[in-house]
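This is my_file.cif. It holds mmCIF, C-alpha atoms.
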data_input
#
loop_
_atom_site.label_atom_id
_atom_site.label_comp_id
_atom_site.auth_asym_id
_atom_site.auth_seq_id
_atom_site.Cartn_x
_atom_site.Cartn_y
_atom_site.Cartn_z
CA MET A 135 -0.78 -29.40 2.42
CA ASP A 136 -4.32 -28.76 3.66
CA CYS A 137 -6.46 -25.59 3.51
CA LYS A 138 -5.38 -24.46 6.97
CA GLU A 139 -1.70 -24.66 6.05
CA PHE A 140 -2.39 -22.93 2.76
CA LYS A 141 -4.01 -20.00 4.56
CA LYS A 142 -0.86 -19.45 6.58
CA VAL A 143 1.44 -19.30 3.57
CA SER A 144 -0.90 -17.81 0.98
CA GLY A 145 0.49 -14.29 1.40
CA GLY A 146 4.06 -15.50 1.08
CA TYR A 147 3.11 -17.50 -2.01
CA LEU A 148 1.56 -14.44 -3.60
CA GLU A 149 4.75 -12.50 -2.91
CA ASP A 150 6.94 -15.34 -4.13
CA ALA A 151 8.59 -15.14 -0.72
CA ILE A 152 8.46 -18.78 0.37
CA PRO A 153 11.01 -21.59 -0.20
CA SER A 154 10.71 -23.48 -3.49
CA ASN A 155 9.60 -26.77 -1.88
CA LEU A 156 6.77 -24.97 -0.08
CA HIS A 157 5.92 -23.14 -3.29
CA GLN A 158 5.52 -26.50 -5.02
CA GLU A 159 3.28 -27.77 -2.20
CA VAL A 160 1.06 -24.69 -2.48
CA GLN A 161 0.74 -25.17 -6.23
CA GLU A 162 -0.25 -28.79 -5.78
CA HIS A 163 -2.82 -27.77 -3.18
CA LEU A 164 -4.23 -25.07 -5.50
CA HIS A 165 -4.68 -27.66 -8.25
CA ARG A 166 -6.63 -29.88 -5.88
CA CYS A 167 -8.70 -27.26 -4.02
CA PRO A 168 -10.95 -24.92 -6.05
CA LEU A 169 -11.88 -22.89 -2.98
CA CYS A 170 -8.27 -22.02 -2.09
CA ALA A 171 -7.59 -21.35 -5.79
CA ALA A 172 -10.51 -18.90 -5.74
CA ILE A 173 -9.16 -17.24 -2.58
CA MET A 174 -5.76 -16.85 -4.22
CA LEU A 175 -7.35 -15.38 -7.34
CA GLN A 176 -9.34 -12.99 -5.19
CA MET A 177 -6.19 -11.78 -3.41
CA LYS A 178 -4.47 -11.13 -6.73
CA LEU A 179 -7.47 -9.38 -8.24
CA LEU A 180 -8.15 -7.29 -5.15
CA ARG A 181 -4.59 -6.03 -5.30
CA GLU A 182 -4.95 -5.12 -8.97
CA ARG A 183 -8.36 -3.52 -8.47
CA VAL A 184 -7.19 -1.36 -5.54
CA HIS A 185 -4.20 -0.32 -7.64
CA LEU A 186 -6.43 0.63 -10.57
CA ALA A 187 -8.90 2.49 -8.37
CA LEU A 188 -6.27 4.55 -6.57
CA CYS A 189 -3.60 5.11 -9.18
CA LYS A 190 -5.93 7.59 -10.90
CA ASP A 191 -5.26 10.16 -8.16
CA CYS A 192 -3.39 12.97 -9.87
CA CYS A 193 -0.66 15.02 -8.31
CA PRO A 194 -1.58 18.75 -8.41
CA GLY A 195 0.18 20.39 -11.34
CA ASN A 196 1.93 23.09 -9.32
CA LEU A 197 3.18 20.82 -6.52
CA ARG A 198 6.37 20.11 -8.43
CA GLN A 199 7.14 23.83 -8.72
CA ARG A 200 6.33 24.42 -5.05
CA VAL A 201 8.59 21.56 -4.00
CA SER A 202 11.40 22.88 -6.20
CA ARG A 203 11.02 26.33 -4.68
CA LYS A 204 11.12 24.95 -1.13
CA LEU A 205 14.18 22.85 -1.92
CA LYS A 206 15.93 25.88 -3.34
CA PHE A 207 15.16 27.75 -0.16
CA ALA A 208 16.32 24.83 2.01
CA SER A 209 19.50 24.54 -0.02
CA PHE A 210 20.19 28.24 0.50
CA HIS A 211 19.68 27.86 4.24
CA LEU A 212 22.05 24.91 4.39
CA TRP A 213 24.63 26.95 2.51
CA ILE A 214 24.23 29.93 4.87
CA SER A 215 24.45 27.75 7.98
CA LYS A 216 27.61 26.12 6.65
CA ILE A 217 29.21 29.53 6.05
CA ARG A 218 28.25 30.64 9.57
CA ALA A 219 29.72 27.46 11.01
CA ARG A 220 32.99 28.15 9.19
CA GLN A 221 33.05 31.74 10.45
CA LYS A 222 32.61 30.56 14.04
CA LYS A 223 35.66 28.32 13.68
CA MET B 1003 27.91 25.51 -6.60
CA LEU B 1004 28.18 22.36 -4.50
CA PHE B 1005 24.79 23.00 -2.93
CA ARG B 1006 23.21 23.68 -6.28
CA ARG B 1007 24.64 20.47 -7.75
CA ARG B 1008 23.44 18.50 -4.75
CA ARG B 1009 19.96 20.00 -5.01
CA LYS B 1010 19.77 19.28 -8.73
CA GLN B 1011 20.87 15.70 -8.13
CA PHE B 1012 18.25 15.33 -5.42
CA GLU B 1013 15.52 16.86 -7.56
CA THR B 1014 16.35 14.56 -10.45
CA LEU B 1015 15.94 11.55 -8.19
CA VAL B 1016 12.87 12.57 -6.21
CA LEU B 1017 10.65 14.57 -8.50
CA VAL B 1018 9.85 11.51 -10.61
CA GLU B 1019 8.52 9.90 -7.42
CA LEU B 1020 6.28 12.87 -6.61
CA PRO B 1021 3.05 11.27 -7.99
CA SER B 1022 3.62 8.10 -5.91
CA LEU B 1023 4.35 10.09 -2.77
CA TYR B 1024 1.32 12.27 -3.30
CA ARG B 1025 -1.01 9.31 -3.92
CA LEU B 1026 0.14 7.64 -0.71
CA ALA B 1027 -0.08 10.89 1.27
CA LEU B 1028 -3.54 11.63 -0.10
CA ARG B 1029 -4.91 8.25 0.90
CA LEU B 1030 -3.27 8.46 4.32
CA THR B 1031 -4.44 11.94 5.19
CA GLY B 1032 -7.69 11.87 3.20
CA ASN B 1033 -7.20 15.53 2.43
CA GLN B 1034 -5.48 17.25 -0.50
CA ALA B 1035 -3.97 20.16 1.44
CA MET B 1036 -2.64 17.88 4.19
CA ALA B 1037 -1.28 15.49 1.58
CA GLU B 1038 0.62 18.31 -0.12
CA ASP B 1039 2.05 19.44 3.22
CA LEU B 1040 3.07 15.90 4.06
CA VAL B 1041 4.82 15.44 0.71
CA GLN B 1042 6.66 18.75 1.02
CA GLU B 1043 7.74 17.99 4.58
CA THR B 1044 8.90 14.53 3.48
CA LEU B 1045 11.02 15.94 0.68
CA LEU B 1046 12.52 18.65 2.85
CA ARG B 1047 13.53 16.06 5.47
CA ALA B 1048 14.88 13.80 2.76
CA TYR B 1049 16.90 16.66 1.31
CA ARG B 1050 18.46 17.49 4.67
CA SER B 1051 19.46 13.82 5.11
CA PHE B 1052 20.39 13.26 1.49
CA GLY B 1053 24.08 13.05 2.35
CA GLN B 1054 23.41 9.85 4.34
CA PHE B 1055 21.33 8.21 1.62
CA LYS B 1056 22.95 5.46 -0.43
CA LEU B 1057 21.24 4.63 -3.70
CA GLN B 1058 20.65 0.88 -3.73
CA GLU B 1059 18.78 -1.58 -5.91
CA TYR B 1060 15.30 -0.42 -4.86
CA GLY B 1061 15.99 3.23 -5.73
CA ILE B 1062 15.04 6.21 -3.62
CA LYS B 1063 11.29 5.51 -3.35
CA PRO B 1064 11.29 3.17 -0.30
CA TRP B 1065 13.47 5.64 1.58
CA LEU B 1066 11.05 8.47 0.80
CA PHE B 1067 8.10 6.31 1.84
CA LYS B 1068 9.85 5.53 5.10
CA ILE B 1069 10.29 9.23 5.87
CA LEU B 1070 6.69 9.95 4.90
CA HIS B 1071 5.49 7.08 7.09
CA HIS B 1072 7.56 8.34 10.00
CA ILE B 1073 6.23 11.88 9.74
CA PHE B 1074 2.63 10.75 9.39
CA PHE B 1075 2.61 8.19 12.19
CA ASN B 1076 5.12 9.56 14.67
CA GLU B 1077 4.49 13.23 14.48
CA ARG B 1078 1.40 14.40 12.69
CA THR B 1079 -1.06 11.92 14.11
CA ALA B 1080 0.63 11.34 17.47
CA ALA B 1081 -2.04 13.22 19.38
CA LYS B 1082 -5.01 11.47 17.82
CA ARG B 1083 -3.68 8.01 17.08
CA HIS B 1084 -5.99 5.09 17.26
CA HIS B 1085 -5.03 2.46 19.78
CA VAL B 1086 -6.71 -0.40 18.00
CA LEU B 1087 -3.43 -2.19 17.39
CA LYS B 1088 -2.23 -2.43 20.97
CA ASN B 1089 -3.05 -6.12 21.22
CA GLU B 1090 -2.29 -7.15 17.71
CA PRO B 1091 -2.68 -10.92 17.35
CA PRO B 1092 0.21 -12.92 15.86
CA TRP B 1093 -0.01 -13.77 12.17
CA GLU B 1094 -0.54 -17.51 12.79
CA LEU B 1095 -3.73 -16.77 14.72
CA VAL B 1096 -4.97 -14.29 12.17
CA ALA B 1097 -4.42 -16.73 9.31
CA ASP B 1098 -6.80 -19.19 10.92
CA GLN B 1099 -9.56 -16.63 10.52
CA HIS B 1100 -9.12 -16.64 6.75
CA PRO B 1101 -12.57 -15.91 5.31
CA ASP B 1102 -13.72 -18.65 3.05
CA HIS B 1103 -17.22 -17.86 2.00
CA TRP B 1104 -17.95 -14.72 0.11
CA PRO B 1105 -20.24 -14.74 -2.85
CA GLU B 1106 -19.23 -14.14 -6.43
CA ILE B 1107 -19.99 -10.74 -7.97
CA ASP B 1108 -21.84 -10.50 -11.25
CA ILE B 1109 -19.54 -8.06 -13.03
CA ASN B 1110 -21.81 -7.72 -16.05
CA HIS B 1111 -24.00 -5.41 -13.99
CA LEU B 1112 -21.19 -3.71 -12.10
CA ASN B 1113 -20.61 0.04 -12.44
CA TRP B 1114 -16.82 0.15 -12.22
CA ASP B 1115 -16.61 3.85 -11.38
CA GLN B 1116 -18.97 3.39 -8.46
CA PHE B 1117 -17.12 0.26 -7.44
CA ASP B 1118 -13.80 2.12 -7.48
CA ASP B 1119 -15.35 4.87 -5.34
CA GLU B 1120 -16.44 2.16 -2.92
CA ILE B 1121 -12.88 0.85 -2.86
CA LYS B 1122 -11.63 4.35 -2.01
CA ARG B 1123 -14.16 4.68 0.78
CA GLY B 1124 -13.26 1.20 2.01
CA VAL B 1125 -9.55 2.04 2.06
CA GLU B 1126 -10.17 5.31 3.88
CA ALA B 1127 -12.26 3.51 6.49
CA LEU B 1128 -9.35 1.25 7.47
CA ALA B 1129 -7.28 2.06 10.55
CA PRO B 1130 -4.18 4.03 9.41
CA GLU B 1131 -1.80 1.17 10.32
CA TYR B 1132 -3.77 -1.25 8.13
CA ARG B 1133 -4.34 1.32 5.42
CA VAL B 1134 -0.68 2.14 4.91
CA VAL B 1135 0.23 -1.53 4.56
CA LEU B 1136 -2.54 -2.10 2.04
CA LEU B 1137 -1.55 1.01 0.08
CA LEU B 1138 2.10 0.00 -0.09
CA TRP B 1139 1.14 -3.53 -1.11
CA ALA B 1140 -1.60 -2.79 -3.65
CA LEU B 1141 -1.01 0.74 -4.84
CA GLU B 1142 2.79 0.67 -4.83
CA GLN B 1143 3.07 -3.09 -5.42
CA LEU B 1144 5.81 -3.48 -2.80
CA ASN B 1145 6.60 -6.82 -1.18
CA TYR B 1146 6.36 -7.70 2.52
CA LYS B 1147 10.04 -7.13 3.17
CA GLU B 1148 10.00 -3.64 1.68
CA ILE B 1149 6.78 -2.78 3.51
CA GLY B 1150 8.24 -4.06 6.78
CA GLU B 1151 11.31 -1.86 6.32
CA ILE B 1152 9.22 1.20 5.56
CA CYS B 1153 6.84 0.67 8.49
CA ASN B 1154 9.60 -0.59 10.77
CA VAL B 1155 7.73 -3.80 11.67
CA PRO B 1156 8.53 -7.51 11.10
CA ALA B 1157 7.21 -9.31 8.00
CA GLY B 1158 4.74 -11.29 10.15
CA THR B 1159 3.14 -8.05 11.32
CA VAL B 1160 2.92 -6.86 7.72
CA MET B 1161 1.18 -10.12 6.80
CA SER B 1162 -1.35 -9.94 9.61
CA ARG B 1163 -2.12 -6.26 9.00
CA LEU B 1164 -2.46 -6.90 5.30
CA PHE B 1165 -4.70 -9.85 5.94
CA ARG B 1166 -6.94 -7.77 8.18
CA ALA B 1167 -7.00 -4.90 5.66
CA ARG B 1168 -7.93 -7.22 2.80
CA LYS B 1169 -10.60 -8.87 4.88
CA ASP B 1170 -12.19 -5.56 5.99
CA LEU B 1171 -12.09 -4.21 2.47
CA SER B 1172 -13.56 -7.39 1.02
CA VAL B 1173 -16.39 -7.33 3.54
CA LYS B 1174 -17.13 -3.72 2.60
CA LEU B 1175 -17.12 -4.55 -1.10
CA ALA B 1176 -19.33 -7.56 -0.45
CA GLY B 1177 -21.73 -5.21 1.37
CA TYR B 1178 -21.75 -2.93 -1.66
CA ALA B 1179 -22.41 -5.87 -3.98
CA GLN B 1180 -25.20 -7.08 -1.75
CA SER B 1181 -26.91 -3.69 -1.61
CA HIS B 1182 -26.72 -3.44 -5.40
CA ARG B 1183 -27.95 -7.02 -5.89
CA LEU B 1184 -24.79 -8.02 -7.70
CA PHE B 1185 -24.37 -11.48 -6.26
CA ARG B 1186 -24.56 -14.55 -8.42
CA GLU B 1187 -26.15 -17.74 -7.24
CA PRO B 1188 -23.51 -19.85 -5.49
CA HIS B 1189 -22.03 -22.49 -7.73
CA THR B 1190 -20.69 -25.84 -6.65
CA ALA B 1191 -17.17 -27.22 -6.95
CA HIS B 1192 -17.05 -30.62 -8.67
CA GLY B 1193 -20.82 -30.80 -8.49
CA ILE B 1194 -20.81 -30.89 -4.68
CA ASN B 1195 -21.54 -27.73 -2.71
CA HIS B 1196 -18.81 -28.05 -0.06
CA HIS B 1197 -19.11 -24.41 0.91
CA PRO B 1198 -22.31 -22.40 1.01
CA LYS B 1199 -20.80 -19.54 -1.01
CA THR B 1200 -17.69 -18.98 -3.09
CA PRO B 1201 -15.35 -15.98 -2.58
CA VAL B 1202 -15.88 -12.58 -4.18
CA VAL B 1203 -14.05 -13.02 -7.44
CA PHE B 1204 -13.66 -10.54 -10.24
CA PRO B 1205 -13.40 -12.92 -13.19
CA GLU B 1206 -10.92 -12.44 -15.98
CA GLY B 1207 -12.16 -10.21 -18.76
CA SER B 1208 -13.48 -7.47 -16.53
CA PRO B 1209 -12.55 -3.89 -17.49
CA ASN B 1210 -9.00 -2.57 -17.17
CA GLY B 1211 -7.43 -5.92 -17.77
CA LEU B 1212 -9.09 -7.85 -14.98
#

Let's see the structure in the file written out as C-alpha cells.
Amino acid sequence: MDCKEFKKVSGGYLEDAIPSNLHQEVQEHLHRCPLCAAIMLQMKLLRERVHLALCKDCCPGNLRQRVSRKLKFASFHLWISKIRARQKK
Amino acid sequence: MLFRRRRKQFETLVLVELPSLYRLALRLTGNQAMAEDLVQETLLRAYRSFGQFKLQEYGIKPWLFKILHHIFFNERTAAKRHHVLKNEPPWELVADQHPDHWPEIDINHLNWDQFDDEIKRGVEALAPEYRVVLLLWALEQLNYKEIGEICNVPAGTVMSRLFRARKDLSVKLAGYAQSHRLFREPHTAHGINHHPKTPVVFPEGSPNGL
C-alpha cells in the first residue's frame, strides 16, 4: 500500500470498517510511513479534542421539566383524539 | 392509563439522551433558545411516532438524532439553506486532496481553554451539512454507517463530508496556532526532510488525556 491508497482508506481504518486484509495492509503502511502515521494520529486526536471541547455544553436545568410537561400535554391530546375517533365510529 | 404508561416508558428512554440531543442542537443552531425549541420539537415528534419505534442494539439515540436532523435540515433551515453541496465531489476525488503538510503545535505554550473556544468557532463556521457529520463523528463518537443512516446519505458521502470538515477545522486551528506563534520547527523523518512540514499533532500527554 502506498500513501495515496492509505488516504482513501484512512477513515475506514479509523472506524474499523474495512476488511481484515486491508486493515493489515494499512498497519504495515503505518509502520513504514511516519507521515501517514502522523496523519492518522492527528485524525484520532482531532476527534478526541473536538469531543472534549464540545461535551462541556450543559443542558439547561429546566429543559427536562419543560419537555416532561410538553409530553404530558401531547399525551393528553393523543388520548382525547383517540376518544373522539371512537365516538365518531 | 395506557397513555400514561406509554409516556412514562418514552420518558425513561429519552430523557437520559437529553444532554446529547441538546449539545447537537446547540452546535447546529448556534443559539440556546433555538436549540431548546429543536430538542422539544424532536421529542414531541418522536413521542407521536413512538409506536413505530423498535428498540434495537443502538438504542433510541440514533433514531432521535435522525428526527432532529430531519427537522433541522428539511424544515427549519429550508428557506435559508446553503447550496454549497450541490456538486459534491465523490469520496475518491476528495481523498486525493488529503492534506499532508501542517506544522506541529507546541502544546507547552497552548492555552487549552482558548484552543477549545477556537474549536467551537471552527465547528460553527462549517457548512451545516459538514458540521452535523463532524458533530456526530467526534462529539457523539458514531461510526460512518450510523451517521449515514441519520443523515440519510451513503457512507462515501459521510466520508467525504467528514474529510472536508476535518480539513477545514484543521486549517482554522493551524491559523490559530500560527497567529499565536505556537508552531514548532519542522522535524525530519529518519533524518531526511521528505516533507517541508509535519501535520498538526497534539502529542500524548496533553491535558484531558491527550

Decode the PyMOL selection byres ((chain B and resi 1168) around 12) for the given file into explicit residues and return them as a PDB file with C-alpha atoms, in the frame of the given file.
ATOM      1  CA  GLY A 145       0.490 -14.290   1.400  1.00  0.00           C
ATOM      2  CA  ILE A 173      -9.160 -17.240  -2.580  1.00  0.00           C
ATOM      3  CA  GLN A 176      -9.340 -12.990  -5.190  1.00  0.00           C
ATOM      4  CA  MET A 177      -6.190 -11.780  -3.410  1.00  0.00           C
ATOM      5  CA  LYS A 178      -4.470 -11.130  -6.730  1.00  0.00           C
ATOM      6  CA  LEU A 179      -7.470  -9.380  -8.240  1.00  0.00           C
ATOM      7  CA  LEU A 180      -8.150  -7.290  -5.150  1.00  0.00           C
ATOM      8  CA  ARG A 181      -4.590  -6.030  -5.300  1.00  0.00           C
ATOM      9  CA  ARG A 183      -8.360  -3.520  -8.470  1.00  0.00           C
ATOM     10  CA  VAL A 184      -7.190  -1.360  -5.540  1.00  0.00           C
TER      11      VAL A 184
ATOM     12  CA  HIS B1100      -9.120 -16.640   6.750  1.00  0.00           C
ATOM     13  CA  PRO B1101     -12.570 -15.910   5.310  1.00  0.00           C
ATOM     14  CA  ILE B1121     -12.880   0.850  -2.860  1.00  0.00           C
ATOM     15  CA  GLY B1124     -13.260   1.200   2.010  1.00  0.00           C
ATOM     16  CA  VAL B1125      -9.550   2.040   2.060  1.00  0.00           C
ATOM     17  CA  LEU B1128      -9.350   1.250   7.470  1.00  0.00           C
ATOM     18  CA  TYR B1132      -3.770  -1.250   8.130  1.00  0.00           C
ATOM     19  CA  ARG B1133      -4.340   1.320   5.420  1.00  0.00           C
ATOM     20  CA  VAL B1135       0.230  -1.530   4.560  1.00  0.00           C
ATOM     21  CA  LEU B1136      -2.540  -2.100   2.040  1.00  0.00           C
ATOM     22  CA  LEU B1137      -1.550   1.010   0.080  1.00  0.00           C
ATOM     23  CA  TRP B1139       1.140  -3.530  -1.110  1.00  0.00           C
ATOM     24  CA  ALA B1140      -1.600  -2.790  -3.650  1.00  0.00           C
ATOM     25  CA  VAL B1160       2.920  -6.860   7.720  1.00  0.00           C
ATOM     26  CA  MET B1161       1.180 -10.120   6.800  1.00  0.00           C
ATOM     27  CA  SER B1162      -1.350  -9.940   9.610  1.00  0.00           C
ATOM     28  CA  ARG B1163      -2.120  -6.260   9.000  1.00  0.00           C
ATOM     29  CA  LEU B1164      -2.460  -6.900   5.300  1.00  0.00           C
ATOM     30  CA  PHE B1165      -4.700  -9.850   5.940  1.00  0.00           C
ATOM     31  CA  ARG B1166      -6.940  -7.770   8.180  1.00  0.00           C
ATOM     32  CA  ALA B1167      -7.000  -4.900   5.660  1.00  0.00           C
ATOM     33  CA  LYS B1169     -10.600  -8.870   4.880  1.00  0.00           C
ATOM     34  CA  ASP B1170     -12.190  -5.560   5.990  1.00  0.00           C
ATOM     35  CA  LEU B1171     -12.090  -4.210   2.470  1.00  0.00           C
ATOM     36  CA  SER B1172     -13.560  -7.390   1.020  1.00  0.00           C
ATOM     37  CA  VAL B1173     -16.390  -7.330   3.540  1.00  0.00           C
ATOM     38  CA  LYS B1174     -17.130  -3.720   2.600  1.00  0.00           C
ATOM     39  CA  LEU B1175     -17.120  -4.550  -1.100  1.00  0.00           C
ATOM     40  CA  ALA B1176     -19.330  -7.560  -0.450  1.00  0.00           C
ATOM     41  CA  VAL B1202     -15.880 -12.580  -4.180  1.00  0.00           C
TER      42      VAL B1202
END

Report, in Å to a single decimal, how far apart atom CA of Ile217 of chain A and atom CA of Ile1073 of chain B are. 29.2 Å

Please evaluate the PyMOL selection byres ((chain A) within 8 of (chain B)) against the structure above and give the resulting residues as a PyMOL selection string. chain A and resi 138+141-142+145+149+168-169+172-173+175-177+179-189+191-193+197-198+201-202+204-206+208-210+213

Segment 1172-1176 of chain B: axis-aligned bounding box, 6 Å on each side, centre and edge lengths in Å, one decimal, as AutoDock Vina command-line options:
--center_x -16.4 --center_y -5.6 --center_z 1.2 --size_x 17.8 --size_y 15.8 --size_z 16.6

Enter the distance from atom CA of Ser144 of chain A to atom CA of Glu159 of chain A, in Å, rounded to one decimal. 11.3 Å

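For the atom pair formed by atom CA of Cys170 of chain A and atom CA of Ile1149 of chain B, the distance is 25.1 Å, given to one decimal.
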
Restore N, CA and C atoms in segment 1127-1150 of chain B and list the result as a PDB file, in the coordinates of the input.
ATOM      1  N   ALA B1127     -11.640   3.929   5.233  1.00  0.00           N
ATOM      2  CA  ALA B1127     -12.260   3.510   6.490  1.00  0.00           C
ATOM      3  C   ALA B1127     -11.343   2.613   7.329  1.00  0.00           C
ATOM      4  N   LEU B1128     -10.268   2.131   6.729  1.00  0.00           N
ATOM      5  CA  LEU B1128      -9.350   1.250   7.470  1.00  0.00           C
ATOM      6  C   LEU B1128      -8.562   2.055   8.507  1.00  0.00           C
ATOM      7  N   ALA B1129      -8.177   1.408   9.576  1.00  0.00           N
ATOM      8  CA  ALA B1129      -7.280   2.060  10.550  1.00  0.00           C
ATOM      9  C   ALA B1129      -5.978   2.417   9.831  1.00  0.00           C
ATOM     10  N   PRO B1130      -5.360   3.574  10.156  1.00  0.00           N
ATOM     11  CA  PRO B1130      -4.180   4.030   9.410  1.00  0.00           C
ATOM     12  C   PRO B1130      -3.080   2.972   9.292  1.00  0.00           C
ATOM     13  N   GLU B1131      -2.867   2.184  10.361  1.00  0.00           N
ATOM     14  CA  GLU B1131      -1.800   1.170  10.320  1.00  0.00           C
ATOM     15  C   GLU B1131      -2.100   0.083   9.292  1.00  0.00           C
ATOM     16  N   TYR B1132      -3.372  -0.257   9.144  1.00  0.00           N
ATOM     17  CA  TYR B1132      -3.770  -1.250   8.130  1.00  0.00           C
ATOM     18  C   TYR B1132      -3.744  -0.608   6.745  1.00  0.00           C
ATOM     19  N   ARG B1133      -4.216   0.642   6.708  1.00  0.00           N
ATOM     20  CA  ARG B1133      -4.340   1.320   5.420  1.00  0.00           C
ATOM     21  C   ARG B1133      -2.980   1.486   4.751  1.00  0.00           C
ATOM     22  N   VAL B1134      -1.989   1.891   5.531  1.00  0.00           N
ATOM     23  CA  VAL B1134      -0.680   2.140   4.910  1.00  0.00           C
ATOM     24  C   VAL B1134      -0.088   0.857   4.342  1.00  0.00           C
ATOM     25  N   VAL B1135      -0.298  -0.243   5.047  1.00  0.00           N
ATOM     26  CA  VAL B1135       0.230  -1.530   4.560  1.00  0.00           C
ATOM     27  C   VAL B1135      -0.483  -1.937   3.266  1.00  0.00           C
ATOM     28  N   LEU B1136      -1.791  -1.757   3.244  1.00  0.00           N
ATOM     29  CA  LEU B1136      -2.540  -2.100   2.040  1.00  0.00           C
ATOM     30  C   LEU B1136      -2.129  -1.207   0.868  1.00  0.00           C
ATOM     31  N   LEU B1137      -1.940   0.084   1.150  1.00  0.00           N
ATOM     32  CA  LEU B1137      -1.550   1.010   0.080  1.00  0.00           C
ATOM     33  C   LEU B1137      -0.183   0.660  -0.492  1.00  0.00           C
ATOM     34  N   LEU B1138       0.751   0.346   0.384  1.00  0.00           N
ATOM     35  CA  LEU B1138       2.100   0.000  -0.090  1.00  0.00           C
ATOM     36  C   LEU B1138       2.076  -1.297  -0.879  1.00  0.00           C
ATOM     37  N   TRP B1139       1.229  -2.221  -0.453  1.00  0.00           N
ATOM     38  CA  TRP B1139       1.140  -3.530  -1.110  1.00  0.00           C
ATOM     39  C   TRP B1139       0.406  -3.444  -2.447  1.00  0.00           C
ATOM     40  N   ALA B1140      -0.765  -2.784  -2.436  1.00  0.00           N
ATOM     41  CA  ALA B1140      -1.600  -2.790  -3.650  1.00  0.00           C
ATOM     42  C   ALA B1140      -1.291  -1.612  -4.567  1.00  0.00           C
ATOM     43  N   LEU B1141      -1.215  -0.437  -3.999  1.00  0.00           N
ATOM     44  CA  LEU B1141      -1.010   0.740  -4.840  1.00  0.00           C
ATOM     45  C   LEU B1141       0.427   0.817  -5.344  1.00  0.00           C
ATOM     46  N   GLU B1142       1.379   0.574  -4.447  1.00  0.00           N
ATOM     47  CA  GLU B1142       2.790   0.670  -4.830  1.00  0.00           C
ATOM     48  C   GLU B1142       3.396  -0.672  -5.196  1.00  0.00           C
ATOM     49  N   GLN B1143       2.636  -1.736  -5.027  1.00  0.00           N
ATOM     50  CA  GLN B1143       3.070  -3.090  -5.420  1.00  0.00           C
ATOM     51  C   GLN B1143       4.401  -3.491  -4.773  1.00  0.00           C
ATOM     52  N   LEU B1144       4.581  -3.102  -3.513  1.00  0.00           N
ATOM     53  CA  LEU B1144       5.810  -3.480  -2.800  1.00  0.00           C
ATOM     54  C   LEU B1144       5.616  -4.846  -2.143  1.00  0.00           C
ATOM     55  N   ASN B1145       6.720  -5.523  -1.846  1.00  0.00           N
ATOM     56  CA  ASN B1145       6.600  -6.820  -1.180  1.00  0.00           C
ATOM     57  C   ASN B1145       6.674  -6.663   0.344  1.00  0.00           C
ATOM     58  N   TYR B1146       6.457  -7.765   1.059  1.00  0.00           N
ATOM     59  CA  TYR B1146       6.360  -7.700   2.520  1.00  0.00           C
ATOM     60  C   TYR B1146       7.639  -7.148   3.159  1.00  0.00           C
ATOM     61  N   LYS B1147       8.762  -7.555   2.587  1.00  0.00           N
ATOM     62  CA  LYS B1147      10.040  -7.130   3.170  1.00  0.00           C
ATOM     63  C   LYS B1147      10.194  -5.609   3.066  1.00  0.00           C
ATOM     64  N   GLU B1148       9.893  -5.093   1.877  1.00  0.00           N
ATOM     65  CA  GLU B1148      10.000  -3.640   1.680  1.00  0.00           C
ATOM     66  C   GLU B1148       9.017  -2.892   2.579  1.00  0.00           C
ATOM     67  N   ILE B1149       7.794  -3.437   2.668  1.00  0.00           N
ATOM     68  CA  ILE B1149       6.780  -2.780   3.510  1.00  0.00           C
ATOM     69  C   ILE B1149       7.218  -2.794   4.973  1.00  0.00           C
ATOM     70  N   GLY B1150       7.763  -3.940   5.402  1.00  0.00           N
ATOM     71  CA  GLY B1150       8.240  -4.060   6.780  1.00  0.00           C
ATOM     72  C   GLY B1150       9.328  -3.045   7.088  1.00  0.00           C
TER      73      GLY B1150
END
